[in-house]
$ cat protein.pdb   # PDB, C-alpha atoms
ATOM      1  CA  MET A   1     237.269  71.322 159.088
ATOM      2  CA  GLY A   2     238.741  69.742 155.975
ATOM      3  CA  GLU A   3     242.418  68.787 156.078
ATOM      4  CA  LEU A   4     244.867  69.743 153.401
ATOM      5  CA  SER A   5     246.296  66.912 151.417
ATOM      6  CA  GLN A   6     250.080  66.536 151.405
ATOM      7  CA  SER A   7     250.136  67.612 155.062
ATOM      8  CA  GLN A   8     253.433  65.837 155.492
ATOM      9  CA  GLY A   9     254.899  66.985 152.193
ATOM     10  CA  LYS A  10     255.022  70.003 149.946
ATOM     11  CA  ARG A  11     251.726  71.552 148.995
ATOM     12  CA  ARG A  12     250.978  72.888 145.534
ATOM     13  CA  TYR A  13     249.870  76.524 145.484
ATOM     14  CA  GLY A  14     247.802  78.443 142.970
ATOM     15  CA  ILE A  15     247.809  82.235 142.782
ATOM     16  CA  ILE A  16     244.677  83.930 141.469
ATOM     17  CA  GLY A  17     245.622  87.560 140.951
ATOM     18  CA  THR A  18     249.365  87.942 140.357
ATOM     19  CA  GLY A  19     249.748  91.575 141.381
ATOM     20  CA  ALA A  20     251.389  93.452 144.234
ATOM     21  CA  ILE A  21     250.159  90.942 146.829
ATOM     22  CA  GLY A  22     249.651  87.623 145.044
ATOM     23  CA  GLY A  23     252.750  88.050 142.914
ATOM     24  CA  PHE A  24     254.930  88.902 145.899
ATOM     25  CA  TYR A  25     253.801  86.083 148.172
ATOM     26  CA  GLY A  26     253.646  83.540 145.347
ATOM     27  CA  ALA A  27     257.171  84.433 144.235
ATOM     28  CA  LYS A  28     258.446  84.090 147.805
ATOM     29  CA  LEU A  29     256.793  80.667 148.133
ATOM     30  CA  GLN A  30     258.349  79.414 144.880
ATOM     31  CA  GLN A  31     261.724  80.877 145.795
ATOM     32  CA  ALA A  32     261.538  78.779 148.990
ATOM     33  CA  GLY A  33     261.088  75.576 146.985
ATOM     34  CA  LEU A  34     257.304  75.203 146.830
ATOM     35  CA  GLU A  35     255.407  74.497 143.609
ATOM     36  CA  VAL A  36     253.414  77.591 142.645
ATOM     37  CA  HIS A  37     251.140  78.209 139.643
ATOM     38  CA  PHE A  38     250.203  81.772 138.669
ATOM     39  CA  LEU A  39     247.079  82.958 136.872
ATOM     40  CA  LEU A  40     247.731  86.177 134.951
ATOM     41  CA  HIS A  41     245.794  88.451 132.664
ATOM     42  CA  ARG A  42     247.463  91.525 131.157
ATOM     43  CA  ASP A  43     250.925  90.482 132.379
ATOM     44  CA  TYR A  44     250.802  86.933 131.019
ATOM     45  CA  ASP A  45     253.159  87.372 128.045
ATOM     46  CA  ALA A  46     255.713  89.403 130.013
ATOM     47  CA  VAL A  47     255.863  86.969 132.929
ATOM     48  CA  ARG A  48     255.945  83.901 130.696
ATOM     49  CA  ASP A  49     258.871  85.381 128.743
ATOM     50  CA  ARG A  50     261.027  86.938 131.473
ATOM     51  CA  GLY A  51     259.578  85.886 134.827
ATOM     52  CA  LEU A  52     258.441  87.871 137.848
ATOM     53  CA  ILE A  53     260.686  90.730 138.965
ATOM     54  CA  VAL A  54     260.587  91.437 142.701
ATOM     55  CA  GLU A  55     262.300  94.433 144.258
ATOM     56  CA  SER A  56     262.115  93.975 148.008
ATOM     57  CA  VAL A  57     263.501  95.407 151.213
ATOM     58  CA  ASP A  58     264.291  91.770 151.987
ATOM     59  CA  GLY A  59     266.378  91.391 148.810
ATOM     60  CA  ASP A  60     265.697  91.705 145.085
ATOM     61  CA  PHE A  61     265.217  88.639 142.889
ATOM     62  CA  THR A  62     263.753  87.533 139.584
ATOM     63  CA  LEU A  63     261.598  84.409 139.552
ATOM     64  CA  ASN A  64     262.251  82.608 136.288
ATOM     65  CA  PRO A  65     260.878  80.303 135.012
ATOM     66  CA  VAL A  66     257.327  80.822 136.227
ATOM     67  CA  TYR A  67     254.367  78.445 135.881
ATOM     68  CA  ALA A  68     252.241  81.103 134.158
ATOM     69  CA  TYR A  69     248.678  80.675 132.829
ATOM     70  CA  ASN A  70     246.012  82.874 131.307
ATOM     71  CA  ASP A  71     243.275  80.237 131.644
ATOM     72  CA  VAL A  72     242.350  78.710 134.988
ATOM     73  CA  HIS A  73     241.314  75.476 133.283
ATOM     74  CA  GLN A  74     244.920  74.883 132.214
ATOM     75  CA  MET A  75     246.183  75.032 135.804
ATOM     76  CA  PRO A  76     246.685  71.820 137.794
ATOM     77  CA  PRO A  77     244.499  71.166 140.860
ATOM     78  CA  CYS A  78     246.096  72.874 143.864
ATOM     79  CA  ASP A  79     246.120  72.204 147.602
ATOM     80  CA  ALA A  80     245.891  75.898 148.439
ATOM     81  CA  VAL A  81     244.629  78.657 146.143
ATOM     82  CA  VAL A  82     245.622  82.174 147.139
ATOM     83  CA  VAL A  83     243.047  84.716 145.953
ATOM     84  CA  ALA A  84     244.633  88.154 145.624
ATOM     85  CA  LEU A  85     242.231  89.702 143.136
ATOM     86  CA  LYS A  86     240.776  93.122 143.785
ATOM     87  CA  THR A  87     237.383  92.626 145.438
ATOM     88  CA  THR A  88     235.823  94.493 142.493
ATOM     89  CA  ARG A  89     236.392  91.281 140.501
ATOM     90  CA  ASN A  90     234.950  88.827 143.030
ATOM     91  CA  ASP A  91     232.054  88.087 140.704
ATOM     92  CA  LEU A  92     234.583  85.854 138.908
ATOM     93  CA  LEU A  93     235.205  83.594 141.930
ATOM     94  CA  PRO A  94     232.556  80.973 140.984
ATOM     95  CA  GLN A  95     234.326  80.565 137.614
ATOM     96  CA  LEU A  96     237.903  80.717 138.865
ATOM     97  CA  LEU A  97     237.999  78.693 142.069
ATOM     98  CA  PRO A  98     236.387  75.264 141.421
ATOM     99  CA  PRO A  99     238.591  74.268 138.435
ATOM    100  CA  VAL A 100     241.878  74.887 140.259
ATOM    101  CA  MET A 101     241.080  73.470 143.722
ATOM    102  CA  LYS A 102     241.649  69.894 144.779
ATOM    103  CA  ASP A 103     238.717  68.238 146.539
ATOM    104  CA  SER A 104     240.672  68.627 149.776
ATOM    105  CA  GLY A 105     241.972  72.079 148.830
ATOM    106  CA  VAL A 106     241.383  75.447 150.436
ATOM    107  CA  ALA A 107     240.927  78.965 149.073
ATOM    108  CA  ILE A 108     242.847  81.638 151.009
ATOM    109  CA  LEU A 109     241.459  85.115 150.440
ATOM    110  CA  LEU A 110     244.175  87.765 150.756
ATOM    111  CA  GLN A 111     241.687  90.570 150.208
ATOM    112  CA  ASN A 112     240.587  93.742 151.937
ATOM    113  CA  GLY A 113     237.247  94.507 153.517
ATOM    114  CA  LEU A 114     234.344  92.341 154.625
ATOM    115  CA  GLY A 115     232.284  89.694 152.855
ATOM    116  CA  SER A 116     234.702  88.059 150.414
ATOM    117  CA  GLU A 117     234.790  84.733 152.257
ATOM    118  CA  GLU A 118     231.026  84.450 152.006
ATOM    119  CA  LEU A 119     231.223  84.780 148.215
ATOM    120  CA  ALA A 120     233.996  82.187 147.974
ATOM    121  CA  ALA A 121     232.057  79.812 150.216
ATOM    122  CA  GLU A 122     229.111  79.941 147.813
ATOM    123  CA  ALA A 123     231.451  78.640 145.111
ATOM    124  CA  VAL A 124     233.412  75.945 146.991
ATOM    125  CA  GLY A 125     231.808  75.432 150.432
ATOM    126  CA  SER A 126     232.321  77.072 153.822
ATOM    127  CA  ASP A 127     234.762  74.414 155.020
ATOM    128  CA  ARG A 128     237.152  75.138 152.127
ATOM    129  CA  VAL A 129     237.754  78.848 152.758
ATOM    130  CA  MET A 130     240.264  80.776 154.858
ATOM    131  CA  GLY A 131     240.983  84.456 155.266
ATOM    132  CA  GLY A 132     244.433  85.991 155.120
ATOM    133  CA  LEU A 133     244.990  89.539 156.288
ATOM    134  CA  CYS A 134     248.145  91.159 154.964
ATOM    135  CA  PHE A 135     250.003  94.053 156.539
ATOM    136  CA  ILE A 136     252.344  94.950 153.732
ATOM    137  CA  CYS A 137     253.471  97.901 151.621
ATOM    138  CA  SER A 138     253.767  96.464 148.119
ATOM    139  CA  ASN A 139     252.975  97.917 144.679
ATOM    140  CA  LYS A 140     252.964  96.625 141.126
ATOM    141  CA  VAL A 141     255.104  99.075 139.159
ATOM    142  CA  GLY A 142     255.170  97.389 135.747
ATOM    143  CA  GLU A 143     254.243  94.219 133.898
ATOM    144  CA  GLY A 144     255.302  91.373 136.177
ATOM    145  CA  HIS A 145     257.279  93.874 138.260
ATOM    146  CA  ILE A 146     256.565  94.172 142.001
ATOM    147  CA  ARG A 147     258.108  96.601 144.476
ATOM    148  CA  HIS A 148     257.908  95.545 148.138
ATOM    149  CA  LEU A 149     258.588  98.561 150.367
ATOM    150  CA  ASP A 150     257.899  97.490 153.940
ATOM    151  CA  TYR A 151     256.326  94.961 156.325
ATOM    152  CA  GLY A 152     254.840  91.732 154.956
ATOM    153  CA  TYR A 153     253.217  89.627 157.660
ATOM    154  CA  ILE A 154     249.985  87.674 157.142
ATOM    155  CA  ASN A 155     247.352  86.865 159.735
ATOM    156  CA  PHE A 156     245.495  83.633 158.868
ATOM    157  CA  ALA A 157     242.044  82.653 160.154
ATOM    158  CA  GLU A 158     239.514  79.978 159.231
ATOM    159  CA  TYR A 159     236.119  80.889 157.804
ATOM    160  CA  ALA A 160     232.831  79.298 158.808
ATOM    161  CA  ALA A 161     229.224  80.186 158.022
ATOM    162  CA  ASN A 162     228.213  83.476 159.676
ATOM    163  CA  TYR A 163     231.864  84.026 160.637
ATOM    164  CA  GLN A 164     231.659  81.766 163.657
ATOM    165  CA  PRO A 165     235.113  81.574 165.346
ATOM    166  CA  GLN A 166     236.937  78.372 164.436
ATOM    167  CA  GLY A 167     240.066  78.532 166.550
ATOM    168  CA  ILE A 168     243.499  77.618 165.232
ATOM    169  CA  THR A 169     243.435  74.505 163.044
ATOM    170  CA  ASP A 170     246.057  72.107 161.745
ATOM    171  CA  ARG A 171     245.324  73.402 158.248
ATOM    172  CA  MET A 172     246.268  76.915 159.317
ATOM    173  CA  ARG A 173     249.467  75.658 160.917
ATOM    174  CA  HIS A 174     250.492  73.680 157.801
ATOM    175  CA  ILE A 175     249.986  76.697 155.534
ATOM    176  CA  GLY A 176     251.663  78.935 158.065
ATOM    177  CA  GLU A 177     254.742  76.718 158.026
ATOM    178  CA  ASP A 178     254.976  77.060 154.246
ATOM    179  CA  PHE A 179     254.861  80.843 154.471
ATOM    180  CA  LYS A 180     257.378  80.898 157.311
ATOM    181  CA  GLN A 181     259.677  78.728 155.189
ATOM    182  CA  ALA A 182     259.406  81.473 152.558
ATOM    183  CA  GLY A 183     260.511  84.099 155.067
ATOM    184  CA  ILE A 184     257.028  85.554 155.529
ATOM    185  CA  PRO A 185     256.036  86.358 159.138
ATOM    186  CA  VAL A 186     252.781  84.653 160.102
ATOM    187  CA  GLN A 187     250.161  85.135 162.779
ATOM    188  CA  PHE A 188     247.045  83.078 163.515
ATOM    189  CA  SER A 189     243.625  84.327 164.632
ATOM    190  CA  GLU A 190     240.888  82.250 166.188
ATOM    191  CA  ASP A 191     238.183  84.652 164.991
ATOM    192  CA  LEU A 192     238.160  85.782 161.348
ATOM    193  CA  LEU A 193     235.427  88.392 161.846
ATOM    194  CA  LEU A 194     237.439  90.098 164.587
ATOM    195  CA  ALA A 195     240.540  89.970 162.392
ATOM    196  CA  ARG A 196     238.637  91.545 159.478
ATOM    197  CA  TRP A 197     237.381  94.442 161.620
ATOM    198  CA  LYS A 198     240.885  94.961 163.006
ATOM    199  CA  LYS A 199     242.244  95.211 159.454
ATOM    200  CA  LEU A 200     239.603  97.836 158.708
ATOM    201  CA  VAL A 201     241.044  99.937 161.537
ATOM    202  CA  TRP A 202     243.843 100.816 159.093
ATOM    203  CA  ASN A 203     242.188 100.343 155.717
ATOM    204  CA  ILE A 204     239.193 102.594 156.252
ATOM    205  CA  PRO A 205     240.994 105.769 157.311
ATOM    206  CA  PHE A 206     244.097 105.512 155.189
ATOM    207  CA  ASN A 207     242.691 104.072 151.956
ATOM    208  CA  GLY A 208     239.753 106.456 152.093
ATOM    209  CA  LEU A 209     241.545 109.645 153.108
ATOM    210  CA  SER A 210     244.424 109.028 150.701
ATOM    211  CA  VAL A 211     241.962 109.147 147.797
ATOM    212  CA  VAL A 212     239.726 111.975 148.992
ATOM    213  CA  LEU A 213     242.654 114.172 150.069
ATOM    214  CA  ASP A 214     245.175 113.053 147.415
ATOM    215  CA  ALA A 215     247.819 112.268 150.027
ATOM    216  CA  LYS A 216     250.380 109.682 151.065
ATOM    217  CA  THR A 217     250.402 108.165 154.541
ATOM    218  CA  ASP A 218     253.178 110.435 155.826
ATOM    219  CA  ALA A 219     251.229 113.570 154.920
ATOM    220  CA  LEU A 220     248.074 112.252 156.568
ATOM    221  CA  MET A 221     249.936 111.449 159.772
ATOM    222  CA  GLY A 222     252.002 114.638 159.703
ATOM    223  CA  ASN A 223     249.020 116.993 159.739
ATOM    224  CA  PRO A 224     247.262 117.249 163.128
ATOM    225  CA  HIS A 225     243.809 117.619 161.551
ATOM    226  CA  THR A 226     244.029 114.544 159.315
ATOM    227  CA  ARG A 227     245.673 112.523 162.077
ATOM    228  CA  THR A 228     242.747 113.378 164.356
ATOM    229  CA  LEU A 229     240.304 112.446 161.592
ATOM    230  CA  ALA A 230     242.085 109.116 161.056
ATOM    231  CA  GLU A 231     241.798 108.390 164.780
ATOM    232  CA  GLN A 232     238.092 109.270 164.755
ATOM    233  CA  LEU A 233     237.499 106.942 161.811
ATOM    234  CA  MET A 234     239.362 104.200 163.675
ATOM    235  CA  GLN A 235     237.048 104.708 166.663
ATOM    236  CA  GLU A 236     234.045 104.200 164.410
ATOM    237  CA  VAL A 237     235.533 100.918 163.159
ATOM    238  CA  VAL A 238     235.859  99.876 166.805
ATOM    239  CA  ALA A 239     232.159 100.678 167.268
ATOM    240  CA  GLY A 240     231.283  98.574 164.219
ATOM    241  CA  ALA A 241     233.188  95.605 165.581
ATOM    242  CA  ALA A 242     231.569  96.037 168.989
ATOM    243  CA  ALA A 243     228.148  95.723 167.346
ATOM    244  CA  PHE A 244     229.102  92.078 166.665
ATOM    245  CA  GLY A 245     230.554  91.488 170.126
ATOM    246  CA  ARG A 246     234.143  91.889 168.927
ATOM    247  CA  GLU A 247     236.364  94.076 171.105
ATOM    248  CA  ILE A 248     239.313  95.989 169.642
ATOM    249  CA  PRO A 249     241.462  97.464 172.441
ATOM    250  CA  PRO A 250     242.846 101.029 172.348
ATOM    251  CA  SER A 251     246.373  99.593 172.293
ATOM    252  CA  PHE A 252     245.667  98.134 168.842
ATOM    253  CA  LEU A 253     244.754 101.550 167.468
ATOM    254  CA  ASP A 254     247.923 102.988 168.986
ATOM    255  CA  SER A 255     250.010 100.277 167.308
ATOM    256  CA  MET A 256     248.410 100.960 163.908
ATOM    257  CA  LEU A 257     249.134 104.670 164.231
ATOM    258  CA  ASP A 258     252.697 103.932 165.296
ATOM    259  CA  HIS A 259     253.260 101.565 162.350
ATOM    260  CA  THR A 260     251.903 104.199 159.964
ATOM    261  CA  VAL A 261     254.209 106.885 161.312
ATOM    262  CA  LYS A 262     257.202 104.578 160.910
ATOM    263  CA  MET A 263     256.403 103.200 157.461
ATOM    264  CA  LYS A 264     257.954 104.725 154.387
ATOM    265  CA  PRO A 265     255.729 107.312 152.633
ATOM    266  CA  TYR A 266     253.158 105.102 150.979
ATOM    267  CA  LEU A 267     250.461 105.418 148.358
ATOM    268  CA  THR A 268     247.662 103.084 149.431
ATOM    269  CA  SER A 269     246.255 100.488 147.059
ATOM    270  CA  MET A 270     243.034 102.480 146.682
ATOM    271  CA  LYS A 271     244.947 105.662 145.856
ATOM    272  CA  LEU A 272     246.965 103.790 143.219
ATOM    273  CA  ASP A 273     243.759 102.391 141.728
ATOM    274  CA  CYS A 274     242.316 105.903 141.639
ATOM    275  CA  ASP A 275     245.409 107.306 139.940
ATOM    276  CA  ARG A 276     245.177 104.535 137.338
ATOM    277  CA  ALA A 277     241.445 105.192 136.820
ATOM    278  CA  GLN A 278     240.660 101.654 137.951
ATOM    279  CA  PRO A 279     237.551 100.665 139.972
ATOM    280  CA  LEU A 280     237.874 101.324 143.698
ATOM    281  CA  GLU A 281     237.179  98.696 146.371
ATOM    282  CA  VAL A 282     234.565 100.955 147.934
ATOM    283  CA  GLU A 283     231.949  98.316 148.694
ATOM    284  CA  ALA A 284     234.225  95.744 150.313
ATOM    285  CA  ILE A 285     236.111  98.235 152.480
ATOM    286  CA  PHE A 286     233.360 100.782 153.233
ATOM    287  CA  GLY A 287     229.920  99.692 152.032
ATOM    288  CA  ASN A 288     229.894  96.193 153.519
ATOM    289  CA  PRO A 289     231.089  97.301 156.994
ATOM    290  CA  LEU A 290     228.554 100.151 156.998
ATOM    291  CA  ARG A 291     225.705  97.799 156.084
ATOM    292  CA  ALA A 292     226.863  95.215 158.608
ATOM    293  CA  ALA A 293     226.941  97.798 161.411
ATOM    294  CA  ALA A 294     223.562  99.203 160.349
ATOM    295  CA  SER A 295     222.075  95.698 160.533
ATOM    296  CA  GLN A 296     222.917  95.807 164.241
ATOM    297  CA  GLY A 297     221.474  99.303 164.680
ATOM    298  CA  VAL A 298     224.875 101.053 164.719
ATOM    299  CA  GLN A 299     225.530 104.124 162.564
ATOM    300  CA  LEU A 300     229.074 105.175 161.583
ATOM    301  CA  PRO A 301     228.620 108.737 160.287
ATOM    302  CA  LYS A 302     232.224 109.676 159.462
ATOM    303  CA  ILE A 303     232.777 106.415 157.609
ATOM    304  CA  ASP A 304     229.460 106.959 155.816
ATOM    305  CA  MET A 305     230.561 110.423 154.671
ATOM    306  CA  LEU A 306     233.845 108.962 153.359
ATOM    307  CA  TYR A 307     231.862 106.207 151.604
ATOM    308  CA  GLN A 308     229.629 108.739 149.826
ATOM    309  CA  GLN A 309     232.643 110.786 148.720
ATOM    310  CA  LEU A 310     234.423 107.688 147.416
ATOM    311  CA  LYS A 311     231.330 106.568 145.510
ATOM    312  CA  PHE A 312     231.332 109.957 143.758
ATOM    313  CA  ILE A 313     235.024 109.654 142.879
ATOM    314  CA  ASP A 314     234.627 106.020 141.782
ATOM    315  CA  ALA A 315     231.817 107.001 139.408
ATOM    316  CA  THR A 316     234.103 109.515 137.698
ATOM    317  CA  LEU A 317     236.808 106.950 136.938
ATOM    318  CA  GLY A 318     234.938 104.921 134.359
TER     319      GLY A 318
END

$ encode --input "protein.pdb" --output "structure tokens"
Amino acid sequence: MGELSQSQGKRRYGIIGTGAIGGFYGAKLQQAGLEVHFLLHRDYDAVRDRGLIVESVDGDFTLNPVYAYNDVHQMPPCDAVVVALKTTRNDLLPQLLPPVMKDSGVAILLQNGLGSEELAAEAVGSDRVMGGLCFICSNKVGEGHIRHLDYGYINFAEYAANYQPQGITDRMRHIGEDFKQAGIPVQFSEDLLLARWKKLVWNIPFNGLSVVLDAKTDALMGNPHTRTLAEQLMQEVVAGAAAFGREIPPSFLDSMLDHTVKMKPYLTSMKLDCDRAQPLEVEAIFGNPLRAAASQGVQLPKIDMLYQQLKFIDATLG
């Protein structure tokens, strides 16, 4: 496993996708004294001129000045490149990642669903990719304006070909220390594939149902029928993970339900994309897990029904 350069000093970070996730974590890293470079698209002029505005339960701040770019080739080579694009734009990874990564650098995919690491590995190599699974309520509410509502921890895990477990590496620990320095709670997983399926335990029911039923998390949890449906969808995710020999205990499902009850009423990222008539991350969050489970002879009928409904809705947004 490749080692990060500057392991004894400050690492340089790049942020690819400066939205609700990448903008928030990148701003926190810079606020903590790390060098961070942000790739922007529509928000470039606003952020260059007035910085990144972060409203957070942990304290509001404005990050200014910001190292802002609208061309990846103008960015300096970075030790760690945080990818927080929507998975619907992952076709751009072969163009975006190589120019901004040092030879010893690593891409950290803070994305939902399954399969993103494989795409990144095709661009930069399997030994230069990590996954990061975020449990956070954060929305972009304006140009360069992020509103962080709740939670915020990241679970890091190394990627390897075919998602073979890699354990906890020095590289993970070094990056974890940077995020902890920025006030971001960190966890480490030895098995990225297990961590991805565990993230789907929340993402599949709540992203999907929020769109199909036009509801926030509190409404979904407050109605006995939709709560039961969410639990049934979670059980199917458990079955999908089990098809790959990954066990998700009942206590984990209970904790996800408990967190959802306690969180502030929340519009999921997929619901926000739907409301903005933007492409939905249907394939990464639903299609890829369904196909993966099917490859092992396991059918997930409730998830498949949700997938078909979301594909219909997604087709109407363009």

$ closest_atom_pairs --input "protein.pdb" --of "segment 262-318 of chain A" --to "segment 130-141 of chain A" --cutoff "12 Å" --atoms "only C-alpha atoms" --output "JSON lines"
{"residue": "A:Met263", "atom": "CA", "partner": "A:Cys137", "partner_atom": "CA", "distance": 8.4}
{"residue": "A:Lys264", "atom": "CA", "partner": "A:Cys137", "partner_atom": "CA", "distance": 8.6}
{"residue": "A:Pro265", "atom": "CA", "partner": "A:Cys137", "partner_atom": "CA", "distance": 9.7}
{"residue": "A:Tyr266", "atom": "CA", "partner": "A:Cys137", "partner_atom": "CA", "distance": 7.2}
{"residue": "A:Leu267", "atom": "CA", "partner": "A:Asn139", "partner_atom": "CA", "distance": 8.7}
{"residue": "A:Thr268", "atom": "CA", "partner": "A:Cys137", "partner_atom": "CA", "distance": 8.1}
{"residue": "A:Ser269", "atom": "CA", "partner": "A:Asn139", "partner_atom": "CA", "distance": 7.6}
{"residue": "A:Met270", "atom": "CA", "partner": "A:Asn139", "partner_atom": "CA", "distance": 11.1}
{"residue": "A:Lys271", "atom": "CA", "partner": "A:Asn139", "partner_atom": "CA", "distance": 11.2}
{"residue": "A:Leu272", "atom": "CA", "partner": "A:Asn139", "partner_atom": "CA", "distance": 8.5}
{"residue": "A:Asp273", "atom": "CA", "partner": "A:Asn139", "partner_atom": "CA", "distance": 10.7}
{"residue": "A:Arg276", "atom": "CA", "partner": "A:Val141", "partner_atom": "CA", "distance": 11.5}

$ axis_aligned_box --input "protein.pdb" --around "segment 271-282 of chain A" --padding-each-side "8 Å" --output "lines of an AutoDock Vina configuration file"
center_x = 240.8
center_y = 103.0
center_z = 142.4
size_x = 28.4
size_y = 24.6
size_z = 27.1

$ residues_near_point --input "protein.pdb" --point "(236.4, 99.2, 143.1)" --cutoff "12 Å" --atoms "only C-alpha atoms" --output "ChimeraX atom specification"
/A:85-90,112-113,207,269-274,276-287,307,310-318

$ atom_distance --input "protein.pdb" --atom1 "atom CA of Gly240 of chain A" --atom2 "atom CA of Ile204 of chain A"
11.9 Å

$ resolve_selection --input "protein.pdb" --expression "the PyMOL selection byres ((chain A and resi 35) around 9)" --output "list of chain:residue names"
A:Lys10, A:Arg11, A:Arg12, A:Tyr13, A:Gly14, A:Leu29, A:Gln30, A:Gly33, A:Leu34, A:Val36, A:His37, A:Tyr67

$ resolve_selection --input "protein.pdb" --expression "the PyMOL selection byres ((chain A and resi 109) around 12)" --output "ChimeraX atom specification"
/A:14-17,21-22,80-87,90,93,97,106-108,110-121,128-134,154-159,192,196

$ write_last_selection --input "protein.pdb" --atoms "C-alpha atoms" --output "mmCIF file, in the coordinates of the input"
data_model
loop_
_atom_site.group_PDB
_atom_site.id
_atom_site.type_symbol
_atom_site.label_atom_id
_atom_site.label_comp_id
_atom_site.auth_asym_id
_atom_site.auth_seq_id
_atom_site.Cartn_x
_atom_site.Cartn_y
_atom_site.Cartn_z
ATOM 1 C CA GLY A 14 247.802 78.443 142.970
ATOM 2 C CA ILE A 15 247.809 82.235 142.782
ATOM 3 C CA ILE A 16 244.677 83.930 141.469
ATOM 4 C CA GLY A 17 245.622 87.560 140.951
ATOM 5 C CA ILE A 21 250.159 90.942 146.829
ATOM 6 C CA GLY A 22 249.651 87.623 145.044
ATOM 7 C CA ALA A 80 245.891 75.898 148.439
ATOM 8 C CA VAL A 81 244.629 78.657 146.143
ATOM 9 C CA VAL A 82 245.622 82.174 147.139
ATOM 10 C CA VAL A 83 243.047 84.716 145.953
ATOM 11 C CA ALA A 84 244.633 88.154 145.624
ATOM 12 C CA LEU A 85 242.231 89.702 143.136
ATOM 13 C CA LYS A 86 240.776 93.122 143.785
ATOM 14 C CA THR A 87 237.383 92.626 145.438
ATOM 15 C CA ASN A 90 234.950 88.827 143.030
ATOM 16 C CA LEU A 93 235.205 83.594 141.930
ATOM 17 C CA LEU A 97 237.999 78.693 142.069
ATOM 18 C CA VAL A 106 241.383 75.447 150.436
ATOM 19 C CA ALA A 107 240.927 78.965 149.073
ATOM 20 C CA ILE A 108 242.847 81.638 151.009
ATOM 21 C CA LEU A 110 244.175 87.765 150.756
ATOM 22 C CA GLN A 111 241.687 90.570 150.208
ATOM 23 C CA ASN A 112 240.587 93.742 151.937
ATOM 24 C CA GLY A 113 237.247 94.507 153.517
ATOM 25 C CA LEU A 114 234.344 92.341 154.625
ATOM 26 C CA GLY A 115 232.284 89.694 152.855
ATOM 27 C CA SER A 116 234.702 88.059 150.414
ATOM 28 C CA GLU A 117 234.790 84.733 152.257
ATOM 29 C CA GLU A 118 231.026 84.450 152.006
ATOM 30 C CA LEU A 119 231.223 84.780 148.215
ATOM 31 C CA ALA A 120 233.996 82.187 147.974
ATOM 32 C CA ALA A 121 232.057 79.812 150.216
ATOM 33 C CA ARG A 128 237.152 75.138 152.127
ATOM 34 C CA VAL A 129 237.754 78.848 152.758
ATOM 35 C CA MET A 130 240.264 80.776 154.858
ATOM 36 C CA GLY A 131 240.983 84.456 155.266
ATOM 37 C CA GLY A 132 244.433 85.991 155.120
ATOM 38 C CA LEU A 133 244.990 89.539 156.288
ATOM 39 C CA CYS A 134 248.145 91.159 154.964
ATOM 40 C CA ILE A 154 249.985 87.674 157.142
ATOM 41 C CA ASN A 155 247.352 86.865 159.735
ATOM 42 C CA PHE A 156 245.495 83.633 158.868
ATOM 43 C CA ALA A 157 242.044 82.653 160.154
ATOM 44 C CA GLU A 158 239.514 79.978 159.231
ATOM 45 C CA TYR A 159 236.119 80.889 157.804
ATOM 46 C CA LEU A 192 238.160 85.782 161.348
ATOM 47 C CA ARG A 196 238.637 91.545 159.478
#

$ residues_near_point --input "protein.pdb" --point "(237.3, 74.6, 135.3)" --cutoff "12 Å" --atoms "only C-alpha atoms" --output "list in words"
Asp71, Val72, His73, Gln74, Met75, Pro76, Pro77, Leu93, Pro94, Gln95, Leu96, Leu97, Pro98, Pro99, Val100, Met101 and Lys102 of chain A

$ atom_distance --input "protein.pdb" --atom1 "atom CA of Ala32 of chain A" --atom2 "atom CA of Phe188 of chain A"
21.0 Å

$ closest_residue --input "protein.pdb" --among "A:Glu236, A:Glu143, A:Glu190, A:Asp214" --to "Met172 of chain A" --atoms "only C-alpha atoms"
A:Glu190

$ closest_residue --input "protein.pdb" --among "A:Val54, A:Val211, A:Ile248, A:Ala219" --to "Arg147 of chain A" --atoms "all atoms listed in the file"
A:Val54

$ closest_residue --input "protein.pdb" --among "A:Asn162, A:Glu122, A:Gly51, A:His174" --to "Phe244 of chain A" --atoms "only C-alpha atoms"
A:Asn162

$ closest_residue --input "protein.pdb" --among "A:Leu306, A:Ala46, A:Ala241, A:Leu253" --to "Ala294 of chain A" --atoms "all atoms listed in the file"
A:Ala241

$ build_atoms --input "protein.pdb" --residues "segment 273-279 of chain A" --atoms "N, CA and C atoms" --output "PDB file, keeping the file's coordinate frame"
ATOM      1  N   ASP A 273     244.854 102.719 142.645  1.00  0.00           N
ATOM      2  CA  ASP A 273     243.759 102.391 141.728  1.00  0.00           C
ATOM      3  C   ASP A 273     243.111 103.658 141.190  1.00  0.00           C
ATOM      4  N   CYS A 274     242.919 104.637 142.062  1.00  0.00           N
ATOM      5  CA  CYS A 274     242.316 105.903 141.639  1.00  0.00           C
ATOM      6  C   CYS A 274     243.198 106.593 140.601  1.00  0.00           C
ATOM      7  N   ASP A 275     244.484 106.647 140.871  1.00  0.00           N
ATOM      8  CA  ASP A 275     245.409 107.306 139.940  1.00  0.00           C
ATOM      9  C   ASP A 275     245.439 106.612 138.583  1.00  0.00           C
ATOM     10  N   ARG A 276     245.186 105.301 138.591  1.00  0.00           N
ATOM     11  CA  ARG A 276     245.177 104.535 137.338  1.00  0.00           C
ATOM     12  C   ARG A 276     243.794 104.460 136.716  1.00  0.00           C
ATOM     13  N   ALA A 277     242.835 105.181 137.305  1.00  0.00           N
ATOM     14  CA  ALA A 277     241.445 105.192 136.820  1.00  0.00           C
ATOM     15  C   ALA A 277     240.847 103.793 136.797  1.00  0.00           C
ATOM     16  N   GLN A 278     241.207 102.997 137.805  1.00  0.00           N
ATOM     17  CA  GLN A 278     240.660 101.654 137.951  1.00  0.00           C
ATOM     18  C   GLN A 278     239.574 101.654 139.028  1.00  0.00           C
ATOM     19  N   PRO A 279     238.630 100.704 138.978  1.00  0.00           N
ATOM     20  CA  PRO A 279     237.551 100.665 139.972  1.00  0.00           C
ATOM     21  C   PRO A 279     238.100 100.586 141.397  1.00  0.00           C
TER      22      PRO A 279
END
